[in-house]
>>> print(open('coords-v4.txt').read())   # compact mmCIF, C-alpha atoms and all ligand atoms
# COMPACT_ATOMS: atom_id res chain seq x y z
CA MET L 1 29.48 7.35 26.98
CA MET L 2 29.15 7.07 23.27
CA ASP L 3 30.05 10.15 21.38
CA MET L 4 26.96 10.68 19.28
CA VAL L 5 24.49 13.39 18.56
CA GLU L 6 21.06 12.63 19.92
CA SER L 7 18.24 13.79 17.70
CA ALA L 8 15.11 15.38 19.10
CA ASN L 9 13.18 12.23 18.36
CA ARG L 10 12.06 10.10 21.26
CA ILE L 11 11.05 6.46 21.33
CA TYR L 12 7.63 5.58 22.73
CA ALA L 13 6.38 2.06 23.38
CA ILE L 14 2.81 1.23 22.41
CA LYS L 15 1.17 -1.86 23.81
CA THR L 16 -0.68 -3.90 21.20
CA THR L 17 -3.02 -6.85 21.05
CA ALA L 18 -1.01 -10.09 20.95
CA LYS L 19 0.32 -10.99 17.49
CA GLN L 20 -0.92 -7.73 15.98
CA GLU L 21 2.39 -5.89 16.26
CA ARG L 22 3.02 -5.75 12.50
CA THR L 23 -0.56 -4.82 11.73
CA VAL L 24 -0.32 -1.97 14.22
CA ALA L 25 2.93 -0.77 12.63
CA ASP L 26 1.32 -0.82 9.16
CA ASN L 27 -1.77 1.00 10.44
CA ILE L 28 0.32 3.67 12.15
CA GLU L 29 1.97 4.43 8.83
CA LYS L 30 -1.41 4.69 7.13
CA VAL L 31 -2.85 7.02 9.77
CA ILE L 32 0.27 9.19 9.90
CA ARG L 33 0.16 9.74 6.16
CA GLU L 34 -3.48 10.79 6.33
CA GLN L 35 -3.12 13.59 8.88
CA LYS L 36 -0.75 16.41 9.80
CA ASP L 37 -0.82 16.83 13.57
CA ILE L 38 0.99 13.71 14.68
CA HIS L 39 4.52 13.02 13.49
CA VAL L 40 6.04 9.58 13.39
CA MET L 41 9.30 8.92 11.56
CA ALA L 42 9.42 5.16 11.97
CA VAL L 43 7.80 2.25 13.76
CA MET L 44 9.92 -0.64 14.95
CA VAL L 45 8.74 -4.13 15.88
CA PRO L 46 11.63 -6.10 17.42
CA GLU L 47 10.84 -9.80 17.63
CA GLU L 48 12.12 -9.86 21.22
CA LEU L 49 9.44 -7.41 22.31
CA LYS L 50 6.17 -9.31 22.18
CA GLY L 51 3.04 -7.19 22.40
CA TYR L 52 4.70 -3.84 21.76
CA VAL L 53 5.73 -1.60 18.93
CA LEU L 54 8.26 1.20 19.28
CA VAL L 55 7.46 4.54 17.70
CA GLU L 56 10.06 7.16 16.78
CA SER L 57 8.56 10.63 17.09
CA PRO L 58 9.51 14.22 17.93
CA ASP L 59 6.06 14.76 19.47
CA SER L 60 4.95 14.75 23.09
CA ILE L 61 3.36 11.70 24.65
CA ALA L 62 -0.06 13.40 24.43
CA ARG L 63 0.17 13.18 20.63
CA ILE L 64 1.11 9.53 20.77
CA GLU L 65 -1.88 8.89 23.02
CA GLN L 66 -4.04 10.53 20.35
CA LEU L 67 -2.46 8.27 17.79
CA VAL L 68 -3.27 5.14 19.79
CA GLU L 69 -6.96 6.14 19.74
CA LEU L 70 -6.87 5.98 15.94
CA ILE L 71 -5.19 2.61 15.57
CA PRO L 72 -7.06 -0.69 15.85
CA HIS L 73 -5.22 -3.20 18.08
CA ALA L 74 -3.10 -0.44 19.67
CA ARG L 75 -3.98 -0.40 23.34
CA ALA L 76 -1.98 2.15 25.30
CA VAL L 77 1.22 4.17 25.37
CA VAL L 78 3.72 3.16 27.99
CA GLN L 79 4.29 6.24 30.16
CA GLY L 80 7.58 7.96 29.53
CA SER L 81 9.87 7.85 26.55
CA THR L 82 13.40 6.80 25.86
CA ALA L 83 16.26 7.80 23.60
CA LEU L 84 17.03 5.80 20.51
CA SER L 85 20.33 4.74 22.04
CA GLU L 86 18.34 2.65 24.55
CA VAL L 87 16.73 0.55 21.84
CA GLU L 88 19.24 0.62 19.03
CA HIS L 89 20.52 -2.83 19.95
CA PHE L 90 17.33 -4.08 18.27
CA LEU L 91 18.54 -2.60 15.02
CA VAL L 92 20.82 -4.74 12.99
CA PRO L 93 22.55 -2.60 10.40
CA LYS L 94 22.18 -3.81 6.88
CA PRO L 95 24.74 -6.47 6.11
CA VAL L 96 28.04 -5.05 5.01
CA VAL L 97 27.76 -6.78 1.66
CA SER L 98 24.71 -4.75 0.73
CA GLY L 99 25.27 -2.48 -2.22
CA ILE L 100 27.55 -5.08 -3.69
CA THR L 101 26.00 -7.08 -6.49
CA GLU L 102 27.19 -9.75 -8.86
CA GLY L 103 29.63 -8.17 -11.27
CA THR L 104 30.75 -5.43 -8.91
CA ILE L 105 34.48 -4.88 -9.04
CA VAL L 106 36.00 -4.71 -5.60
CA GLU L 107 39.40 -4.32 -4.07
CA ILE L 108 40.29 -6.72 -1.30
CA ILE L 109 41.43 -4.68 1.68
CA ALA L 110 42.27 -7.40 4.18
CA GLY L 111 43.74 -10.89 4.26
CA PRO L 112 46.23 -12.69 2.01
CA PHE L 113 44.83 -11.15 -1.19
CA LYS L 114 44.98 -7.60 0.11
CA GLY L 115 45.37 -5.09 -2.70
CA GLU L 116 44.04 -7.42 -5.39
CA LYS L 117 41.07 -6.45 -7.50
CA ALA L 118 38.31 -8.98 -7.94
CA VAL L 119 34.90 -9.45 -9.53
CA VAL L 120 32.00 -10.44 -7.28
CA LYS L 121 30.49 -13.75 -8.32
CA ARG L 122 28.15 -14.61 -5.48
CA ILE L 123 26.78 -12.93 -2.37
CA ASP L 124 25.72 -14.57 0.84
CA SER L 125 24.14 -11.81 2.86
CA GLY L 126 23.09 -14.20 5.59
CA LYS L 127 26.67 -15.07 6.33
CA GLU L 128 27.95 -11.68 5.20
CA GLU L 129 30.34 -13.33 2.83
CA ILE L 130 30.99 -12.87 -0.83
CA THR L 131 32.65 -15.05 -3.39
CA VAL L 132 34.94 -13.24 -5.78
CA GLU L 133 37.30 -14.08 -8.59
CA LEU L 134 40.59 -12.28 -8.70
CA TYR L 135 40.61 -9.87 -11.61
CA GLU L 136 44.07 -10.29 -12.97
CA SER L 137 44.54 -13.91 -12.16
CA MET L 138 45.22 -16.17 -15.17
CA VAL L 139 43.08 -18.92 -13.76
CA PRO L 140 39.90 -17.60 -12.19
CA ILE L 141 39.84 -19.17 -8.77
CA PRO L 142 36.80 -18.32 -6.70
CA ILE L 143 37.66 -17.20 -3.19
CA THR L 144 35.31 -16.41 -0.37
CA VAL L 145 35.93 -13.33 1.73
CA ARG L 146 34.04 -11.40 4.37
CA GLY L 147 31.89 -8.57 3.05
CA ASP L 148 33.74 -6.03 5.15
CA SER L 149 37.11 -6.96 3.74
CA VAL L 150 36.40 -5.47 0.33
CA ARG L 151 35.93 -1.99 -0.99
CA VAL L 152 33.79 -1.24 -4.04
CA VAL L 153 35.89 -0.03 -6.95
CA GLU L 154 33.27 0.00 -9.65
CA ARG L 155 29.63 -1.02 -9.68
CA SER L 156 28.27 -3.37 -12.33
CA GLU L 157 25.79 -1.35 -14.39
CA ASP L 158 23.56 0.24 -11.83
CA ALA L 159 22.97 3.66 -13.27
CA SER L 160 19.56 3.64 -11.57
CA MET N 1 -8.67 -25.49 0.81
CA VAL N 2 -6.86 -24.06 3.78
CA VAL N 3 -6.65 -20.30 3.76
CA ARG N 4 -3.11 -19.44 4.59
CA LYS N 5 -1.67 -16.05 5.36
CA LYS N 6 0.61 -15.01 2.55
CA VAL N 7 4.23 -15.27 3.61
CA LEU N 8 6.00 -12.01 3.02
CA LYS N 9 9.46 -12.17 1.58
CA VAL N 10 12.26 -9.74 2.10
CA CYS N 11 15.22 -8.73 -0.03
CA ARG N 12 18.42 -10.34 1.25
CA GLU N 13 20.39 -7.31 0.16
CA CYS N 14 18.47 -4.32 1.49
CA HIS N 15 16.01 -6.12 3.83
CA ARG N 16 13.03 -4.49 2.17
CA VAL N 17 9.72 -6.35 2.24
CA VAL N 18 9.09 -7.38 -1.35
CA GLU N 19 5.59 -7.78 -2.75
CA GLY N 20 6.46 -9.31 -6.10
CA GLU N 21 9.28 -11.48 -7.34
CA ALA N 22 12.08 -8.93 -7.18
CA CYS N 23 13.19 -6.05 -4.99
CA VAL N 24 12.27 -2.67 -6.46
CA ILE N 25 15.43 -1.10 -5.02
CA CYS N 26 18.07 -3.71 -5.76
CA GLY N 27 16.40 -5.39 -8.71
CA THR N 28 17.47 -8.68 -7.22
CA SER N 29 15.28 -11.72 -6.79
CA ASN N 30 17.51 -12.90 -3.96
CA LEU N 31 14.66 -13.05 -1.44
CA SER N 32 14.22 -14.72 1.93
CA ASP N 33 11.16 -15.80 3.85
CA ASP N 34 13.25 -16.48 6.95
CA TRP N 35 13.35 -13.12 8.65
CA ALA N 36 12.42 -11.50 11.94
CA GLY N 37 11.76 -8.09 13.39
CA TYR N 38 10.01 -5.43 11.38
CA VAL N 39 10.40 -1.73 10.85
CA VAL N 40 8.23 0.70 8.92
CA ILE N 41 10.18 3.76 7.83
CA ILE N 42 7.79 6.65 7.21
CA ASP N 43 10.16 9.62 6.97
CA PRO N 44 13.70 8.39 6.24
CA GLU N 45 15.17 11.91 6.23
CA HIS N 46 14.14 12.58 9.80
CA SER N 47 14.36 9.10 11.22
CA GLU N 48 17.30 8.14 13.38
CA ILE N 49 16.26 4.52 13.02
CA ALA N 50 16.54 4.83 9.23
CA LYS N 51 19.97 6.42 9.60
CA LYS N 52 21.20 3.68 11.88
CA MET N 53 19.99 1.09 9.39
CA ASN N 54 21.32 2.96 6.33
CA ILE N 55 17.82 3.16 4.90
CA THR N 56 17.07 6.07 2.58
CA MET N 57 13.71 5.00 1.18
CA ALA N 58 10.44 4.85 3.06
CA GLY N 59 8.93 1.41 3.32
CA ARG N 60 8.78 -1.79 5.29
CA TYR N 61 11.93 -3.67 6.22
CA ALA N 62 13.00 -6.69 8.22
CA LEU N 63 15.39 -6.21 11.12
CA LYS N 64 17.02 -9.60 10.68
CA VAL N 65 17.30 -11.71 7.56
CA ARG N 66 18.66 -15.23 7.57
ZN ZN L 201 16.60 -4.91 -2.03
>>> encode(input="coords-v4.txt", output="structure tokens")
Amino acid sequence: MMDMVESANRIYAIKTTAKQERTVADNIEKVIREQKDIHVMAVMVPEELKGYVLVESPDSIARIEQLVELIPHARAVVQGSTALSEVEHFLVPKPVVSGITEGTIVEIIAGPFKGEKAVVKRIDSGKEEITVELYESMVPIPITVRGDSVRVVERSEDAS
Amino acid sequence: MVVRKKVLKVCRECHRVVEGEACVICGTSNLSDDWAGYVVIIDPEHSEIAKKMNITMAGRYALKVR
């Protein structure tokens, strides 16, 4: 068993008209913001799950059935609910390089350049790699490292 | 003229669906139209999904970005 705290939120599956999954998700957000009785924290549309959206809610299934009545292209709630842990494999955490931008100063924490400071030159989120130039090197040689093998020392100028 | 559905782009850094030319969160214009899966975060503070995805702002995000 994984050692994690389960929140009170449950995951409900709502059956949708084919190819309307995203529209349903958008409409759920709209409806939820316009009323107070039904609570939905998030709506997930995994590409593997054709014809369904997954709704994260602390409410009972009766509320979710009410919700379905208000949403065009939402057809029915699948009976029962599940814990987030059952569906979290659909969630891909943000790539580890996120938060790192060009100009960020990082410390390399793994590999042959461990302990060196470097400036980020390029980010490839798709491959989760970043290209850096070693900070104190006389000749700036770009090296490519995995996003999880660096630690942010200082951000570029994001005061925002 | 063929009416084509507008292709939504997402931010490669935070996965947020971007309406314009740059991500409002990251300020980057490093966008991708090759993405899959979709999540609408309505209440990031109370959403376990948002926590798992390290999302702190409500909005629409892609699950996978290539
Ligand atoms: Zn972004």
>>> residues_near_ligand(input="coords-v4.txt", ligand="ligand ZN 201 (chain L)", cutoff="12 Å", atoms="only C-alpha atoms and all ligand atoms", output="compact mmCIF listing (two decimals) with C-alpha atoms, in the frame of the given file")
# COMPACT_ATOMS: atom_id res chain seq x y z
CA LYS L 94 22.18 -3.81 6.88
CA PRO L 95 24.74 -6.47 6.11
CA VAL L 97 27.76 -6.78 1.66
CA SER L 98 24.71 -4.75 0.73
CA GLY L 99 25.27 -2.48 -2.22
CA ILE L 100 27.55 -5.08 -3.69
CA THR L 101 26.00 -7.08 -6.49
CA SER L 125 24.14 -11.81 2.86
CA LYS N 9 9.46 -12.17 1.58
CA VAL N 10 12.26 -9.74 2.10
CA CYS N 11 15.22 -8.73 -0.03
CA ARG N 12 18.42 -10.34 1.25
CA GLU N 13 20.39 -7.31 0.16
CA CYS N 14 18.47 -4.32 1.49
CA HIS N 15 16.01 -6.12 3.83
CA ARG N 16 13.03 -4.49 2.17
CA VAL N 17 9.72 -6.35 2.24
CA VAL N 18 9.09 -7.38 -1.35
CA GLU N 19 5.59 -7.78 -2.75
CA GLY N 20 6.46 -9.31 -6.10
CA GLU N 21 9.28 -11.48 -7.34
CA ALA N 22 12.08 -8.93 -7.18
CA CYS N 23 13.19 -6.05 -4.99
CA VAL N 24 12.27 -2.67 -6.46
CA ILE N 25 15.43 -1.10 -5.02
CA CYS N 26 18.07 -3.71 -5.76
CA GLY N 27 16.40 -5.39 -8.71
CA THR N 28 17.47 -8.68 -7.22
CA SER N 29 15.28 -11.72 -6.79
CA ASN N 30 17.51 -12.90 -3.96
CA LEU N 31 14.66 -13.05 -1.44
CA SER N 32 14.22 -14.72 1.93
CA ILE N 55 17.82 3.16 4.90
CA THR N 56 17.07 6.07 2.58
CA MET N 57 13.71 5.00 1.18
CA GLY N 59 8.93 1.41 3.32
CA ARG N 60 8.78 -1.79 5.29
CA TYR N 61 11.93 -3.67 6.22
CA ALA N 62 13.00 -6.69 8.22
CA VAL N 65 17.30 -11.71 7.56
>>> residues_near_point(input="coords-v4.txt", point="(37.1, -1.2, 2.2)", cutoff="9 Å", atoms="only C-alpha atoms", output="number ranges by chain")
L: 106-110, 148-152
>>> write_last_selection(input="coords-v4.txt", atoms="C-alpha atoms", output="PDB file, in the frame of the given file")
ATOM      1  CA  VAL L 106      36.000  -4.710  -5.600  1.00  0.00           C
ATOM      2  CA  GLU L 107      39.400  -4.320  -4.070  1.00  0.00           C
ATOM      3  CA  ILE L 108      40.290  -6.720  -1.300  1.00  0.00           C
ATOM      4  CA  ILE L 109      41.430  -4.680   1.680  1.00  0.00           C
ATOM      5  CA  ALA L 110      42.270  -7.400   4.180  1.00  0.00           C
ATOM      6  CA  ASP L 148      33.740  -6.030   5.150  1.00  0.00           C
ATOM      7  CA  SER L 149      37.110  -6.960   3.740  1.00  0.00           C
ATOM      8  CA  VAL L 150      36.400  -5.470   0.330  1.00  0.00           C
ATOM      9  CA  ARG L 151      35.930  -1.990  -0.990  1.00  0.00           C
ATOM     10  CA  VAL L 152      33.790  -1.240  -4.040  1.00  0.00           C
TER      11      VAL L 152
END
>>> atom_distance(input="coords-v4.txt", atom1="atom CA of L:Thr82", atom2="atom CA of L:Val40")
14.7 Å
>>> closest_residue(input="coords-v4.txt", among="L:Ile105, L:Val53, L:Leu91, L:Val68", to="chain N", atoms="all atoms listed in the file")
L:Leu91
>>> interface_residues(input="coords-v4.txt", of="chain N", to="chain L", cutoff="8 Å", atoms="all atoms listed in the file", output="ChimeraX atom specification")
/N:12-15,36-44,46-50,52-54,63-66
>>> residues_around(input="coords-v4.txt", residues="L:Ile71", least_positions_apart="3", cutoff="8 Å", atoms="only C-alpha atoms", output="ChimeraX atom specification")
/L:24,27-28,31,67-68,74
